[in-house]
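> This is the structure, below, for whatever I ask next.
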Protein chains: 4
Amino acid sequence: MRADARDNRERILTAAEEVFGRTPGASTDEVAKRAGVGIATVFRHFPTKVELLEAVLTQRLERLRDRARELAGSADPGRAFYDFFGQVVAEAASKLAIADALGAAGTAVGDEARQAGEGMRQAFGELLDRAQDSGAVRKDAAFPETYALLIGTARGATAVGLEPTVRDRLLALVYDGLRPRP
Amino acid sequence: MRADARDNRERILTAAEEVFGRTPGASTDEVAKRAGVGIATVFRHFPTKVELLEAVLTQRLERLRDRARELAGSADPGRAFYDFFGQVVAEAASKLAIADALGAAGTAVGDEARQAGEGMRQAFGELLDRAQDSGAVRKDAAFPETYALLIGTARGATAVGLEPTVRDRLLALVYDGLRPRP
Amino acid sequence: MRADARDNRERILTAAEEVFGRTPGASTDEVAKRAGVGIATVFRHFPTKVELLEAVLTQRLERLRDRARELAGSADPGRAFYDFFGQVVAEAASKLAIADALGAAGTAVGDEARQAGEGMRQAFGELLDRAQDSGAVRKDAAFPETYALLIGTARGATAVGLEPTVRDRLLALVYDGLRPRP
Amino acid sequence: MRADARDNRERILTAAEEVFGRTPGASTDEVAKRAGVGIATVFRHFPTKVELLEAVLTQRLERLRDRARELAGSADPGRAFYDFFGQVVAEAASKLAIADALGAAGTAVGDEARQAGEGMRQAFGELLDRAQDSGAVRKDAAFPETYALLIGTARGATAVGLEPTVRDRLLALVYDGLRPRP
DNA sequence: AATGAATGAGTATTCATTCAT
DNA sequence: AATGAATGAATACTCATTCAT
């Protein structure tokens, strides 16, 4: 039954991601129905709605962190940086809530979520450093504003429901601001 | 008595802006208390909570539109564009909800809000056009991505609670992306 | 509408007294139905279930205190004391919860209830003092044990659902313990 | 394996006594944790929460009955009666729930509990009879009121959280009522 | 026109009880 | 036989909206 429980936890988390991604203020019942379990099961796994939300957030942040870490080893640091940037924005455009997760990364209360956010920001900082060393990103772009630019671009892409073409042009604009001035 | 009513409407709107700016999920009661009127009075003026929210939104959008129009007559179109951009972002950083208003401008349901959003986007388009004509903004930056960049930057600045210095550096990055390539 | 509200408050309190008297763990819904009002109305008047319970308790304690005060002026202090004692026990036998109120008088958390309890205990102490001075109650019966005896007798009479005859005989036993030894 | 089961039953009962003694409204889970078994084990032994509560009650009543029976053979019937009375009250003062058990003895629903209550009351009646025959208790104190006095004194001692000294003085008052009038 | 009271639908959370391992 | 997970009914409390004054 350990397996069953883990399975259910996964299903609940997935359901929560979908439901809250679509309707941020959705009820826990909604999540339970979507996951196909009783409501008490949701509360057994996540004793509080806040804890459920934080678990979703944590998962998202960890995924982003992992992606950043994967790319950190790349031979082409510039490409790694811009690829990560673009992927985050692309995902945000389709999954409304990743942008919120990014925004919340600074404020997240829960310990796990905070750590995941910290890890993600560190990994992104790593990507930035290497890209700057390799000359792919201007040296005077410090971490805070670059991170803010990532968040903002992701949220901007989300808010308007941008078409892919426009999103690419938006990224082109942003990248041009990040590239070293000739 | 007409005057009293208009007065109350104003007070309610102001109160709503403050309250929802601070706590997006606040109750209508909260707004009534802040405005110093009974809750029934709020509902007399705005028969639905959604209508109240839309009124707040409309007001914000109209203010932005008016500011854009004022600047449209400026002798220095480049400066007008970047000033507007910067002001919007600066305000968003302090008033959480303006960014949402900007985001909602595309999706706004109510008729008034939609019109206000349309007007605001048109005015911003005007600023963009003139700035491009004057050579202050690159010609290949079309409206959709530029508008998305405005929204995103505003939201990015809001989400993280950026300090003014960092906000300025963020803007510098964004502006560099918007300026014509040499 | 002030009148209506006060009216409703009364009805809710009365309903609560009946309902909680019968079923101590009853739900707030039950009280609302019994009072013939919507559940939100109950919560408007008593924002918390605890506050509702305390209001019931307070009311009961105040009634007892008032009765004690009335009797305090009596020309026959002995009779006043034993009358009060008997009335409390008689009421407790029919209204389950008065005994609890008496018990809670020492522990009541809410400020109003605490004060009412204090007032009631003081009034009872007064009755006791005078009865002792008049020689109707033995002088070595101090307040704490006499009060405990009152509470206990009331609760004893309640718990078993005593018939009036038996109750009278119980009181006779208790009174004999309180009278001065010859 | 029969031994294991009986062992578990004991542990659950003990745990239930502790838990419900402290927190009358406690959950079955609480009991399971305290007993160090899974919740399903509790329900295997006591298919219903009511049955568990009744088992606790039965156990308590049986203990009291046994104590009364032990004392029934004593050479000094008066002392036996007053000792029993005092012990019950002393225990009630520390173990909140014994008083409830005594009260419930009249109303007990379950068959076992009812029988245990009956047995306990019979044994107490025996003690009373002998004490009356020996002249230690007045002859006109019939069983019903004397039993009510026992219950009441026990509950009175519990409700207020009486100190031992006061409890003793309370008992002195009660005993004086029970002793034959000179 | 303005007020504050009343309402019921909705929400998070708990708990006794039942299943699957 | 024992376990822990799953379940749905129940409960306290909130909120947008409607009535009576």
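Order determines the names: the first chain of the structure tokens is A, the second B, and so forth; residues in each chain are numbered 1 upward, and ligands are numbered 1 upward as they are shown.
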Would you mind aligning chain A to chain D, a least-squares fit over all C-alpha atoms taken in order, and returning the superposed chain as a tab-separated table (two decimals) with C-alpha atoms, in the first residue's frame?

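Saved result, part14.tsv, follows:
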chain	number	residue	atom	x	y	z
A	1	MET	CA	-1.20	-14.51	19.32
A	2	ARG	CA	-4.11	-14.81	21.65
A	3	ALA	CA	-1.84	-13.30	24.24
A	4	ASP	CA	-0.82	-10.45	21.97
A	5	ALA	CA	-4.39	-9.64	21.17
A	6	ARG	CA	-5.45	-9.59	24.80
A	7	ASP	CA	-2.46	-7.43	25.51
A	8	ASN	CA	-3.44	-4.97	22.83
A	9	ARG	CA	-7.00	-4.88	24.06
A	10	GLU	CA	-5.72	-3.94	27.48
A	11	ARG	CA	-3.47	-1.25	26.10
A	12	ILE	CA	-6.28	0.21	24.04
A	13	LEU	CA	-8.63	0.26	27.00
A	14	THR	CA	-6.03	1.92	29.19
A	15	ALA	CA	-5.24	4.47	26.49
A	16	ALA	CA	-8.94	5.15	26.00
A	17	GLU	CA	-9.42	5.71	29.71
A	18	GLU	CA	-6.61	8.23	29.77
A	19	VAL	CA	-7.56	10.00	26.59
A	20	PHE	CA	-11.30	10.21	27.21
A	21	GLY	CA	-10.63	11.10	30.83
A	22	ARG	CA	-8.75	14.15	29.67
A	23	THR	CA	-10.76	15.03	26.55
A	24	PRO	CA	-14.23	13.51	26.49
A	25	GLY	CA	-14.74	14.31	22.81
A	26	ALA	CA	-11.37	12.94	21.68
A	27	SER	CA	-11.09	11.08	18.39
A	28	THR	CA	-10.50	7.37	18.07
A	29	ASP	CA	-7.26	8.17	16.29
A	30	GLU	CA	-6.03	9.82	19.45
A	31	VAL	CA	-6.68	6.64	21.38
A	32	ALA	CA	-4.90	4.54	18.75
A	33	LYS	CA	-1.83	6.77	18.85
A	34	ARG	CA	-1.78	6.78	22.62
A	35	ALA	CA	-2.02	2.98	22.64
A	36	GLY	CA	0.69	2.74	20.01
A	37	VAL	CA	-1.41	0.69	17.61
A	38	GLY	CA	-2.94	1.32	14.21
A	39	ILE	CA	-6.42	2.71	14.13
A	40	ALA	CA	-7.83	-0.40	12.51
A	41	THR	CA	-6.66	-2.38	15.50
A	42	VAL	CA	-8.84	-0.28	17.75
A	43	PHE	CA	-11.80	-0.97	15.53
A	44	ARG	CA	-11.03	-4.65	15.39
A	45	HIS	CA	-11.35	-4.83	19.16
A	46	PHE	CA	-14.18	-2.34	19.50
A	47	PRO	CA	-16.16	-2.22	16.26
A	48	THR	CA	-17.71	1.12	17.15
A	49	LYS	CA	-16.66	4.19	19.05
A	50	VAL	CA	-19.69	3.76	21.26
A	51	GLU	CA	-18.61	0.23	22.07
A	52	LEU	CA	-15.18	1.48	23.02
A	53	LEU	CA	-16.67	4.11	25.29
A	54	GLU	CA	-18.95	1.55	26.85
A	55	ALA	CA	-16.05	-0.79	27.45
A	56	VAL	CA	-14.22	1.96	29.31
A	57	LEU	CA	-17.33	2.72	31.28
A	58	THR	CA	-17.92	-0.92	32.07
A	59	GLN	CA	-14.40	-1.35	33.31
A	60	ARG	CA	-14.74	1.60	35.63
A	61	LEU	CA	-18.05	0.46	36.99
A	62	GLU	CA	-16.73	-3.02	37.56
A	63	ARG	CA	-13.78	-1.69	39.47
A	64	LEU	CA	-16.03	0.34	41.71
A	65	ARG	CA	-18.35	-2.59	42.17
A	66	ASP	CA	-15.45	-4.83	43.12
A	67	ARG	CA	-14.17	-2.31	45.62
A	68	ALA	CA	-17.60	-2.03	47.18
A	69	ARG	CA	-17.85	-5.81	47.42
A	70	GLU	CA	-14.48	-6.10	49.07
A	71	LEU	CA	-15.49	-3.57	51.67
A	72	ALA	CA	-18.87	-5.24	52.20
A	73	GLY	CA	-17.25	-7.97	54.27
A	74	SER	CA	-15.54	-5.51	56.59
A	75	ALA	CA	-16.05	-5.83	60.35
A	76	ASP	CA	-16.76	-2.11	60.67
A	77	PRO	CA	-19.69	-1.36	58.34
A	78	GLY	CA	-19.68	2.36	59.08
A	79	ARG	CA	-16.07	2.69	58.19
A	80	ALA	CA	-16.56	0.56	55.09
A	81	PHE	CA	-19.32	2.84	53.86
A	82	TYR	CA	-17.50	6.09	54.46
A	83	ASP	CA	-14.26	4.68	53.12
A	84	PHE	CA	-15.92	3.69	49.88
A	85	PHE	CA	-17.62	7.04	49.62
A	86	GLY	CA	-14.37	8.86	50.15
A	87	GLN	CA	-12.40	6.71	47.76
A	88	VAL	CA	-14.90	7.22	44.98
A	89	VAL	CA	-14.81	10.96	45.47
A	90	ALA	CA	-11.01	11.00	45.71
A	91	GLU	CA	-10.68	9.07	42.48
A	92	ALA	CA	-13.25	11.18	40.76
A	93	ALA	CA	-11.29	14.25	41.69
A	94	SER	CA	-8.29	12.95	39.79
A	95	LYS	CA	-9.99	10.95	37.08
A	96	LEU	CA	-12.51	13.22	35.55
A	97	ALA	CA	-14.49	10.52	33.85
A	98	ILE	CA	-15.35	8.23	36.73
A	99	ALA	CA	-17.96	10.72	37.76
A	100	ASP	CA	-19.48	10.50	34.31
A	101	ALA	CA	-19.41	6.75	34.55
A	102	LEU	CA	-21.32	7.04	37.78
A	103	GLY	CA	-23.82	9.35	36.20
A	104	ALA	CA	-24.18	7.15	33.15
A	105	ALA	CA	-24.70	4.08	35.33
A	106	GLY	CA	-28.39	4.81	35.30
A	107	THR	CA	-28.68	5.41	31.56
A	108	ALA	CA	-26.00	3.20	30.07
A	109	VAL	CA	-27.36	1.56	26.97
A	110	GLY	CA	-24.98	-1.30	26.37
A	111	ASP	CA	-25.89	-4.51	28.09
A	112	GLU	CA	-22.55	-5.09	29.76
A	113	ALA	CA	-22.33	-1.54	31.01
A	114	ARG	CA	-25.89	-1.70	32.29
A	115	GLN	CA	-25.17	-4.87	34.20
A	116	ALA	CA	-21.96	-3.47	35.61
A	117	GLY	CA	-23.84	-0.36	36.71
A	118	GLU	CA	-26.54	-2.46	38.28
A	119	GLY	CA	-23.96	-4.54	40.13
A	120	MET	CA	-22.21	-1.48	41.37
A	121	ARG	CA	-25.38	0.12	42.64
A	122	GLN	CA	-26.36	-3.09	44.39
A	123	ALA	CA	-23.00	-3.34	46.08
A	124	PHE	CA	-23.27	0.25	47.22
A	125	GLY	CA	-26.76	-0.42	48.51
A	126	GLU	CA	-25.37	-3.30	50.52
A	127	LEU	CA	-22.75	-1.05	52.09
A	128	LEU	CA	-25.45	1.48	52.90
A	129	ASP	CA	-27.76	-1.10	54.51
A	130	ARG	CA	-25.07	-2.45	56.77
A	131	ALA	CA	-23.89	0.99	57.74
A	132	GLN	CA	-27.45	1.90	58.66
A	133	ASP	CA	-27.92	-1.30	60.68
A	134	SER	CA	-24.75	-0.56	62.59
A	135	GLY	CA	-25.95	2.95	63.33
A	136	ALA	CA	-23.25	4.71	61.34
A	137	VAL	CA	-25.68	6.20	58.84
A	138	ARG	CA	-29.09	7.65	59.61
A	139	LYS	CA	-31.90	5.24	58.91
A	140	ASP	CA	-34.05	7.66	56.96
A	141	ALA	CA	-31.51	8.13	54.21
A	142	ALA	CA	-32.91	5.96	51.45
A	143	PHE	CA	-30.87	4.58	48.59
A	144	PRO	CA	-31.86	6.98	45.79
A	145	GLU	CA	-30.86	10.17	47.50
A	146	THR	CA	-27.76	8.64	49.01
A	147	TYR	CA	-26.62	7.44	45.63
A	148	ALA	CA	-27.40	10.84	44.15
A	149	LEU	CA	-25.33	12.38	46.93
A	150	LEU	CA	-22.41	10.11	46.04
A	151	ILE	CA	-22.60	11.02	42.38
A	152	GLY	CA	-23.04	14.68	43.09
A	153	THR	CA	-20.19	14.89	45.55
A	154	ALA	CA	-17.93	13.08	43.13
A	155	ARG	CA	-18.89	15.38	40.30
A	156	GLY	CA	-18.66	18.44	42.48
A	157	ALA	CA	-15.17	17.46	43.54
A	158	THR	CA	-14.22	16.90	39.92
A	159	ALA	CA	-15.70	19.97	38.36
A	160	VAL	CA	-13.83	22.50	40.37
A	161	GLY	CA	-10.55	20.67	40.59
A	162	LEU	CA	-10.66	20.75	44.38
A	163	GLU	CA	-7.52	20.60	46.46
A	164	PRO	CA	-7.34	17.62	48.82
A	165	THR	CA	-7.87	19.77	51.90
A	166	VAL	CA	-11.02	21.29	50.54
A	167	ARG	CA	-12.19	17.91	49.38
A	168	ASP	CA	-11.84	16.58	52.88
A	169	ARG	CA	-13.86	19.45	54.26
A	170	LEU	CA	-16.50	18.87	51.61
A	171	LEU	CA	-16.68	15.24	52.67
A	172	ALA	CA	-16.95	16.27	56.28
A	173	LEU	CA	-19.98	18.37	55.42
A	174	VAL	CA	-21.58	15.56	53.48
A	175	TYR	CA	-20.86	12.96	56.15
A	176	ASP	CA	-22.39	15.15	58.80
A	177	GLY	CA	-25.55	15.16	56.77
A	178	LEU	CA	-25.51	11.39	56.58
A	179	ARG	CA	-24.82	10.64	60.24
A	180	PRO	CA	-27.74	9.93	62.53
A	181	ARG	CA	-29.11	13.00	64.19
A	182	PRO	CA	-28.35	12.86	67.89
> What is the atom C1' of DG4 of chain F-atom C1' of DA20 of chain E distance in Å, reported with one decimal?
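If I compute the distance from atom C1' of DG4 of chain F to atom C1' of DA20 of chain E, I get 10.0 Å.
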> Within 10 Å of chain A, which residues of chain F come that close, and what is the closest atom pair and distance in Å for each? Count only C-alpha atoms (C1' of nucleotides) and give it as a tab-separated table.

residue	atom	partner	partner_atom	distance
F:DT3	C1'	A:Met1	CA	9.9
F:DG4	C1'	A:Met1	CA	8.1
F:DA5	C1'	A:Ala5	CA	6.9
F:DA6	C1'	A:Thr41	CA	6.1
F:DT7	C1'	A:Gly38	CA	5.9
F:DG8	C1'	A:Gly38	CA	7.4
> Print the selection's residues with C-alpha atoms (C1' of nucleotides) to a file, as an mmCIF file, in the first residue's frame.

data_model
loop_
_atom_site.group_PDB
_atom_site.id
_atom_site.type_symbol
_atom_site.label_atom_id
_atom_site.label_comp_id
_atom_site.auth_asym_id
_atom_site.auth_seq_id
_atom_site.Cartn_x
_atom_site.Cartn_y
_atom_site.Cartn_z
ATOM 1 C "C1'" DT F 3 -1.843 -2.069 9.532
ATOM 2 C "C1'" DG F 4 -2.380 2.384 7.316
ATOM 3 C "C1'" DA F 5 -4.742 4.401 3.466
ATOM 4 C "C1'" DA F 6 -9.270 5.905 1.632
ATOM 5 C "C1'" DT F 7 -13.808 7.639 2.155
ATOM 6 C "C1'" DG F 8 -17.832 10.782 2.643
#
> Distance cut-off 8 Å, counting only C-alpha atoms (C1' of nucleotides) - which residues of chain E neighbour chain B? Return them as a PDB file with C-alpha atoms (C1' of nucleotides), in the first residue's frame.

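Saved to iface_10.pdb:
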ATOM      1  C1'  DA E   1     -30.947  57.174  -1.205  1.00  0.00           C
ATOM      2  C1'  DA E   2     -28.597  54.797   2.731  1.00  0.00           C
ATOM      3  C1'  DT E   3     -28.239  51.497   6.169  1.00  0.00           C
ATOM      4  C1'  DG E   4     -27.413  47.221   8.579  1.00  0.00           C
TER       5       DG E   4
END
> Find the distance between atom C1' of DT7 of chain E and atom C1' of DA12 of chain F and write it in Å to one decimal.
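A separation of 16.9 Å between them.
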